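*Asks:* File data_0.tsv below, TSV, C-alpha atoms:
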```
chain	number	residue	atom	x	y	z
A	1	MET	CA	-26.38	56.63	-55.97
A	2	ARG	CA	-23.95	56.61	-53.01
A	3	PRO	CA	-20.93	54.40	-53.60
A	4	LEU	CA	-20.52	51.35	-51.39
A	5	THR	CA	-17.74	51.73	-48.82
A	6	ALA	CA	-16.24	49.24	-46.36
A	7	ASP	CA	-17.61	49.55	-42.82
A	8	HIS	CA	-14.66	49.30	-40.47
A	9	ARG	CA	-16.71	49.57	-37.30
A	10	SER	CA	-16.76	46.66	-34.82
A	11	PRO	CA	-19.93	44.54	-34.56
A	12	SER	CA	-20.73	46.22	-31.21
A	13	GLU	CA	-20.39	49.66	-32.77
A	14	ARG	CA	-22.77	48.61	-35.54
A	15	GLY	CA	-25.25	47.35	-32.97
A	16	GLU	CA	-24.68	43.73	-33.97
A	17	ARG	CA	-24.03	40.76	-31.69
A	18	SER	CA	-20.73	38.97	-32.09
A	19	VAL	CA	-21.08	35.26	-32.60
A	20	LEU	CA	-18.56	32.93	-30.92
A	21	ARG	CA	-18.20	29.86	-33.01
A	22	PRO	CA	-17.32	26.75	-31.01
A	23	PRO	CA	-14.41	24.69	-32.26
A	24	SER	CA	-15.33	21.84	-34.48
A	25	SER	CA	-16.48	18.76	-32.61
A	26	VAL	CA	-13.72	16.72	-34.21
A	27	PHE	CA	-11.23	18.43	-31.90
A	28	TRP	CA	-12.82	17.30	-28.62
A	29	PRO	CA	-11.68	13.64	-28.89
A	30	LEU	CA	-8.19	14.92	-29.68
A	31	ILE	CA	-8.21	17.22	-26.65
A	32	GLY	CA	-9.39	14.36	-24.42
A	33	PHE	CA	-6.66	12.08	-25.76
A	34	LEU	CA	-3.96	14.68	-25.10
A	35	VAL	CA	-5.16	15.18	-21.52
A	36	LEU	CA	-5.14	11.42	-20.84
A	37	ALA	CA	-1.73	11.06	-22.45
A	38	GLY	CA	-0.40	13.82	-20.22
A	39	LEU	CA	-1.77	12.19	-17.06
A	40	LEU	CA	-0.31	8.83	-18.10
A	41	ALA	CA	3.08	10.40	-18.74
A	42	VAL	CA	3.08	11.93	-15.25
A	43	GLY	CA	1.99	8.64	-13.71
A	44	LEU	CA	4.82	6.76	-15.35
A	45	THR	CA	7.35	9.05	-13.69
A	46	LEU	CA	6.08	8.20	-10.19
A	47	ASN	CA	7.70	5.51	-8.08
A	48	PRO	CA	4.91	3.31	-6.65
A	49	ARG	CA	7.06	2.65	-3.58
A	50	GLU	CA	7.04	6.37	-2.78
A	51	LEU	CA	3.31	6.98	-3.13
A	52	PRO	CA	1.95	8.53	0.06
A	53	SER	CA	-0.47	6.46	2.11
A	54	PRO	CA	-3.67	8.13	3.32
A	55	LEU	CA	-3.25	6.20	6.58
A	56	VAL	CA	0.02	7.89	7.54
A	57	GLY	CA	-0.77	10.16	10.46
A	58	ARG	CA	-3.91	8.22	11.35
A	59	PRO	CA	-4.55	5.51	13.97
A	60	ALA	CA	-3.64	2.03	12.81
A	61	PRO	CA	-6.87	0.12	12.03
A	62	ALA	CA	-7.85	-2.15	14.89
A	63	PHE	CA	-8.16	-5.89	14.41
A	64	ALA	CA	-8.12	-9.17	16.30
A	65	LEU	CA	-6.53	-12.06	14.41
A	66	PRO	CA	-5.25	-15.52	15.38
A	67	ARG	CA	-1.56	-15.71	16.21
A	68	LEU	CA	0.59	-17.96	14.07
A	69	ASP	CA	2.43	-19.34	17.09
A	70	ALA	CA	-0.79	-19.89	19.07
A	71	PRO	CA	-3.86	-19.93	16.77
A	72	GLU	CA	-6.20	-20.26	19.73
A	73	ARG	CA	-5.13	-16.76	20.83
A	74	ASN	CA	-5.76	-13.47	19.04
A	75	PHE	CA	-3.41	-10.55	18.53
A	76	SER	CA	-4.55	-6.92	18.51
A	77	PRO	CA	-2.47	-3.79	17.78
A	78	ALA	CA	-3.73	-2.45	21.12
A	79	GLU	CA	-1.24	-4.84	22.76
A	80	MET	CA	1.59	-2.78	21.29
A	81	ARG	CA	0.55	0.54	22.86
A	82	GLY	CA	3.56	2.24	24.39
A	83	LYS	CA	5.95	0.68	21.86
A	84	VAL	CA	7.29	1.72	18.47
A	85	TRP	CA	6.89	-1.24	16.14
A	86	LEU	CA	6.79	-2.39	12.54
A	87	LEU	CA	3.97	-4.32	10.90
A	88	ASN	CA	5.30	-6.34	7.97
A	89	VAL	CA	2.83	-7.88	5.52
A	90	TRP	CA	4.07	-11.20	4.13
A	91	ALA	CA	3.08	-14.62	2.77
A	92	SER	CA	4.93	-17.81	1.90
A	93	TRP	CA	3.75	-17.65	-1.74
A	94	CYS	CA	5.17	-14.14	-2.16
A	95	VAL	CA	8.36	-14.15	-4.26
A	96	ALA	CA	9.32	-10.63	-3.19
A	97	CYS	CA	8.92	-11.66	0.46
A	98	ARG	CA	11.58	-14.31	-0.07
A	99	GLN	CA	13.88	-11.62	-1.47
A	100	GLU	CA	13.17	-9.34	1.47
A	101	HIS	CA	13.42	-11.93	4.22
A	102	PRO	CA	17.19	-11.92	4.86
A	103	MET	CA	16.93	-8.18	5.47
A	104	LEU	CA	14.13	-8.72	8.00
A	105	VAL	CA	16.23	-11.31	9.81
A	106	GLU	CA	19.07	-8.80	9.96
A	107	MET	CA	16.72	-6.04	11.15
A	108	ALA	CA	15.43	-8.23	13.98
A	109	ARG	CA	18.94	-8.32	15.45
A	110	ASN	CA	18.63	-4.60	16.16
A	111	GLU	CA	17.20	-4.06	19.65
A	112	ALA	CA	15.41	-0.93	18.47
A	113	ILE	CA	13.25	-2.96	16.09
A	114	THR	CA	10.08	-4.78	17.12
A	115	LEU	CA	8.75	-6.58	14.08
A	116	VAL	CA	5.21	-8.01	13.91
A	117	GLY	CA	4.11	-10.01	10.88
A	118	LEU	CA	0.76	-9.91	9.13
A	119	ASN	CA	0.51	-13.19	7.23
A	120	TYR	CA	-1.64	-12.12	4.28
A	121	LYS	CA	-4.01	-14.56	2.52
A	122	GLU	CA	-1.64	-17.48	3.09
A	123	MET	CA	-3.91	-19.92	1.24
A	124	ARG	CA	-6.16	-17.64	-0.83
A	125	GLY	CA	-3.22	-15.81	-2.34
A	126	ASP	CA	-2.04	-19.10	-3.82
A	127	VAL	CA	-3.54	-19.47	-7.30
A	128	GLU	CA	-3.61	-23.26	-6.89
A	129	PHE	CA	-5.79	-23.12	-3.79
A	130	ASP	CA	-9.50	-23.83	-4.23
A	131	ARG	CA	-11.30	-22.43	-1.18
A	132	ASP	CA	-14.60	-23.94	-2.26
A	133	ARG	CA	-13.27	-27.44	-1.66
A	134	ILE	CA	-12.03	-26.92	1.88
A	135	SER	CA	-13.60	-25.89	5.20
A	136	PRO	CA	-12.55	-22.71	7.05
A	137	ASP	CA	-10.97	-24.77	9.83
A	138	ALA	CA	-8.98	-26.80	7.33
A	139	GLU	CA	-7.87	-23.61	5.59
A	140	LYS	CA	-6.64	-22.19	8.88
A	141	SER	CA	-4.74	-25.39	9.71
A	142	LEU	CA	-3.07	-25.44	6.30
A	143	ALA	CA	-2.17	-21.76	6.58
A	144	VAL	CA	-0.56	-22.30	9.98
A	145	GLU	CA	1.36	-25.33	8.69
A	146	ARG	CA	2.66	-23.57	5.58
A	147	ALA	CA	3.58	-20.31	7.29
A	148	ARG	CA	5.36	-22.05	10.15
A	149	ALA	CA	7.30	-24.26	7.74
A	150	TRP	CA	8.38	-21.24	5.71
A	151	LEU	CA	9.66	-19.39	8.79
A	152	ALA	CA	11.40	-22.52	10.06
A	153	ARG	CA	13.22	-22.76	6.74
A	154	TYR	CA	14.21	-19.12	6.26
A	155	GLY	CA	14.29	-17.84	9.84
A	156	ASN	CA	11.71	-16.08	11.98
A	157	PRO	CA	12.38	-12.37	12.47
A	158	TYR	CA	8.97	-11.66	14.01
A	159	ALA	CA	8.06	-11.14	17.64
A	160	LEU	CA	4.80	-12.73	16.45
A	161	SER	CA	2.68	-13.05	13.32
A	162	ALA	CA	-1.09	-12.72	12.91
A	163	LEU	CA	-3.11	-14.65	10.33
A	164	ASP	CA	-5.09	-12.49	7.92
A	165	LEU	CA	-6.66	-15.46	6.15
A	166	ASP	CA	-9.20	-13.60	4.02
A	167	GLY	CA	-7.18	-10.41	3.54
A	168	ARG	CA	-9.74	-8.08	5.13
A	169	VAL	CA	-7.24	-6.50	7.50
A	170	GLY	CA	-4.90	-5.96	4.58
A	171	ILE	CA	-7.70	-4.05	2.85
A	172	ASP	CA	-8.19	-1.90	5.96
A	173	TYR	CA	-4.49	-1.03	5.85
A	174	GLY	CA	-4.63	-0.18	2.15
A	175	VAL	CA	-2.22	-2.94	1.16
A	176	TYR	CA	-1.32	-2.67	-2.53
A	177	GLY	CA	0.62	-5.92	-2.59
A	178	VAL	CA	3.00	-8.04	-0.60
A	179	PRO	CA	5.36	-7.20	1.06
A	180	GLU	CA	4.60	-3.88	2.73
A	181	THR	CA	5.85	-2.48	6.02
A	182	PHE	CA	4.22	0.05	8.36
A	183	VAL	CA	5.92	2.03	11.13
A	184	ILE	CA	3.58	2.55	14.10
A	185	ASP	CA	4.31	4.81	17.07
A	186	ARG	CA	3.63	4.45	20.80
A	187	GLN	CA	0.14	5.92	20.48
A	188	GLY	CA	-0.84	3.46	17.76
A	189	THR	CA	-0.55	5.97	14.90
A	190	ILE	CA	0.89	4.96	11.54
A	191	ARG	CA	3.92	7.15	10.93
A	192	GLY	CA	5.40	5.58	7.82
A	193	LYS	CA	4.82	3.02	5.10
A	194	HIS	CA	7.24	1.21	2.81
A	195	ILE	CA	5.88	-0.56	-0.27
A	196	GLY	CA	7.83	-3.52	-1.60
A	197	PRO	CA	10.81	-5.36	-0.13
A	198	VAL	CA	12.78	-3.55	2.56
A	199	THR	CA	16.28	-2.99	1.22
A	200	PRO	CA	19.38	-2.13	3.28
A	201	GLU	CA	19.13	1.40	1.89
A	202	ALA	CA	15.46	1.75	2.85
A	203	PHE	CA	16.15	0.42	6.33
A	204	SER	CA	19.19	2.58	7.10
A	205	GLY	CA	17.98	5.66	5.24
A	206	LYS	CA	14.28	5.76	6.12
A	207	ILE	CA	12.95	3.14	8.53
A	208	LEU	CA	15.63	3.10	11.23
A	209	PRO	CA	15.91	6.91	11.49
A	210	LEU	CA	12.12	7.14	11.84
A	211	VAL	CA	12.02	4.44	14.52
A	212	THR	CA	14.88	6.14	16.36
A	213	GLU	CA	13.11	9.51	16.27
A	214	LEU	CA	9.81	8.03	17.45
A	215	SER	CA	11.55	6.17	20.27
A	216	LYS	CA	12.99	9.31	21.86
```
Taking this structure as input, can you express it in the form of structure tokens?

*Replies:*
Amino acid sequence: MRPLTADHRSPSERGERSVLRPPSSVFWPLIGFLVLAGLLAVGLTLNPRELPSPLVGRPAPAFALPRLDAPERNFSPAEMRGKVWLLNVWASWCVACRQEHPMLVEMARNEAITLVGLNYKEMRGDVEFDRDRISPDAEKSLAVERARAWLARYGNPYALSALDLDGRVGIDYGVYGVPETFVIDRQGTIRGKHIGPVTPEAFSGKILPLVTELSK
């Protein structure tokens, strides 16, 4: 009888198929958790005010909305063709807008700045407002009254403001929250976006240099 000896040949040399054994299924939930944890960790390092907007470099969405100073008239961005201007999204119920407002008043003193307001969901953004108990005309009247009173109290930095009562235009502009500010060039293209209150640093370091460059 021939003694048994160890066969050191590889499975392929022996004419056998190698079998790849998948990792145990218990590891897949762990792998998924680690991937999600990694994505969350990266997300937490991002500043939401510096997130790029997909609208930058694209034409500003068109709209026609009632003017706050003359609700019987509409305002359209087409009226601003040939000018570099800022569209500032605001509302009287917005706490951050109150923080930002003195800076807007200061900005408006600069001749290079043309500031247009987009009054965003003036009534519907107020948690105490019940739209089901009021007519659209009454909602518009209340919005005009509240917004005008707020500007009369804190100062009006806007060349004009438009009333986005239901927030649809805000959706078209990809508004995350209030306030937000868009820089729009002479051709009607969005060239910059600032999320959150405009600070002196943001104005002098980002907004004003961009406006100056676009105005050349």

*Asks:* Hey, what's within 12 Å of Tyr120 (chain A) if we count only C-alpha atoms and toss same-chain stuff fewer than 3 positions away? As a VMD selection string, please?

*Replies:* chain A and resid 65 68 87 to 94 97 117 123 to 126 143 to 144 147 161 to 171 173 175 to 180

*Asks:* Can I get the selection written as a PDB file, in the coordinates of the input, with C-alpha atoms?

*Replies:*
```pdb
ATOM      1  CA  LEU A  65      -6.530 -12.060  14.410  1.00  0.00           C
ATOM      2  CA  LEU A  68       0.590 -17.960  14.070  1.00  0.00           C
ATOM      3  CA  LEU A  87       3.970  -4.320  10.900  1.00  0.00           C
ATOM      4  CA  ASN A  88       5.300  -6.340   7.970  1.00  0.00           C
ATOM      5  CA  VAL A  89       2.830  -7.880   5.520  1.00  0.00           C
ATOM      6  CA  TRP A  90       4.070 -11.200   4.130  1.00  0.00           C
ATOM      7  CA  ALA A  91       3.080 -14.620   2.770  1.00  0.00           C
ATOM      8  CA  SER A  92       4.930 -17.810   1.900  1.00  0.00           C
ATOM      9  CA  TRP A  93       3.750 -17.650  -1.740  1.00  0.00           C
ATOM     10  CA  CYS A  94       5.170 -14.140  -2.160  1.00  0.00           C
ATOM     11  CA  CYS A  97       8.920 -11.660   0.460  1.00  0.00           C
ATOM     12  CA  GLY A 117       4.110 -10.010  10.880  1.00  0.00           C
ATOM     13  CA  MET A 123      -3.910 -19.920   1.240  1.00  0.00           C
ATOM     14  CA  ARG A 124      -6.160 -17.640  -0.830  1.00  0.00           C
ATOM     15  CA  GLY A 125      -3.220 -15.810  -2.340  1.00  0.00           C
ATOM     16  CA  ASP A 126      -2.040 -19.100  -3.820  1.00  0.00           C
ATOM     17  CA  ALA A 143      -2.170 -21.760   6.580  1.00  0.00           C
ATOM     18  CA  VAL A 144      -0.560 -22.300   9.980  1.00  0.00           C
ATOM     19  CA  ALA A 147       3.580 -20.310   7.290  1.00  0.00           C
ATOM     20  CA  SER A 161       2.680 -13.050  13.320  1.00  0.00           C
ATOM     21  CA  ALA A 162      -1.090 -12.720  12.910  1.00  0.00           C
ATOM     22  CA  LEU A 163      -3.110 -14.650  10.330  1.00  0.00           C
ATOM     23  CA  ASP A 164      -5.090 -12.490   7.920  1.00  0.00           C
ATOM     24  CA  LEU A 165      -6.660 -15.460   6.150  1.00  0.00           C
ATOM     25  CA  ASP A 166      -9.200 -13.600   4.020  1.00  0.00           C
ATOM     26  CA  GLY A 167      -7.180 -10.410   3.540  1.00  0.00           C
ATOM     27  CA  ARG A 168      -9.740  -8.080   5.130  1.00  0.00           C
ATOM     28  CA  VAL A 169      -7.240  -6.500   7.500  1.00  0.00           C
ATOM     29  CA  GLY A 170      -4.900  -5.960   4.580  1.00  0.00           C
ATOM     30  CA  ILE A 171      -7.700  -4.050   2.850  1.00  0.00           C
ATOM     31  CA  TYR A 173      -4.490  -1.030   5.850  1.00  0.00           C
ATOM     32  CA  VAL A 175      -2.220  -2.940   1.160  1.00  0.00           C
ATOM     33  CA  TYR A 176      -1.320  -2.670  -2.530  1.00  0.00           C
ATOM     34  CA  GLY A 177       0.620  -5.920  -2.590  1.00  0.00           C
ATOM     35  CA  VAL A 178       3.000  -8.040  -0.600  1.00  0.00           C
ATOM     36  CA  PRO A 179       5.360  -7.200   1.060  1.00  0.00           C
ATOM     37  CA  GLU A 180       4.600  -3.880   2.730  1.00  0.00           C
TER      38      GLU A 180
END
```

*Asks:* What is the distance between CA of Pro102 (chain A) and CA of Gly155 (chain A), in Å to one decimal?

*Replies:*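 That distance, rounded to one decimal, is 8.3 Å.
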
*Asks:* What residues have an atom no more than 7 Å from (7.6, 2.9, 4.1) in the file's own frame, counting all atoms listed in the file, and can you write them as JSON, numbers by chain?

*Replies:* {"A": [181, 182, 192, 193, 194, 195, 207]}

*Asks:* Kindly give the distance, in Å, that separates CA of Leu55 (chain A) and CA of Ser215 (chain A), rounded to a single decimal.

*Replies:*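 Computed distance, CA of Leu55 (chain A) to CA of Ser215 (chain A), equals 20.2 Å.
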
*Asks:* Please compute the CA of Lys83 (chain A)-CA of Leu214 (chain A) distance, one decimal, in Å.

*Replies:*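 CA of Leu214 (chain A) lies 9.4 Å from CA of Lys83 (chain A).
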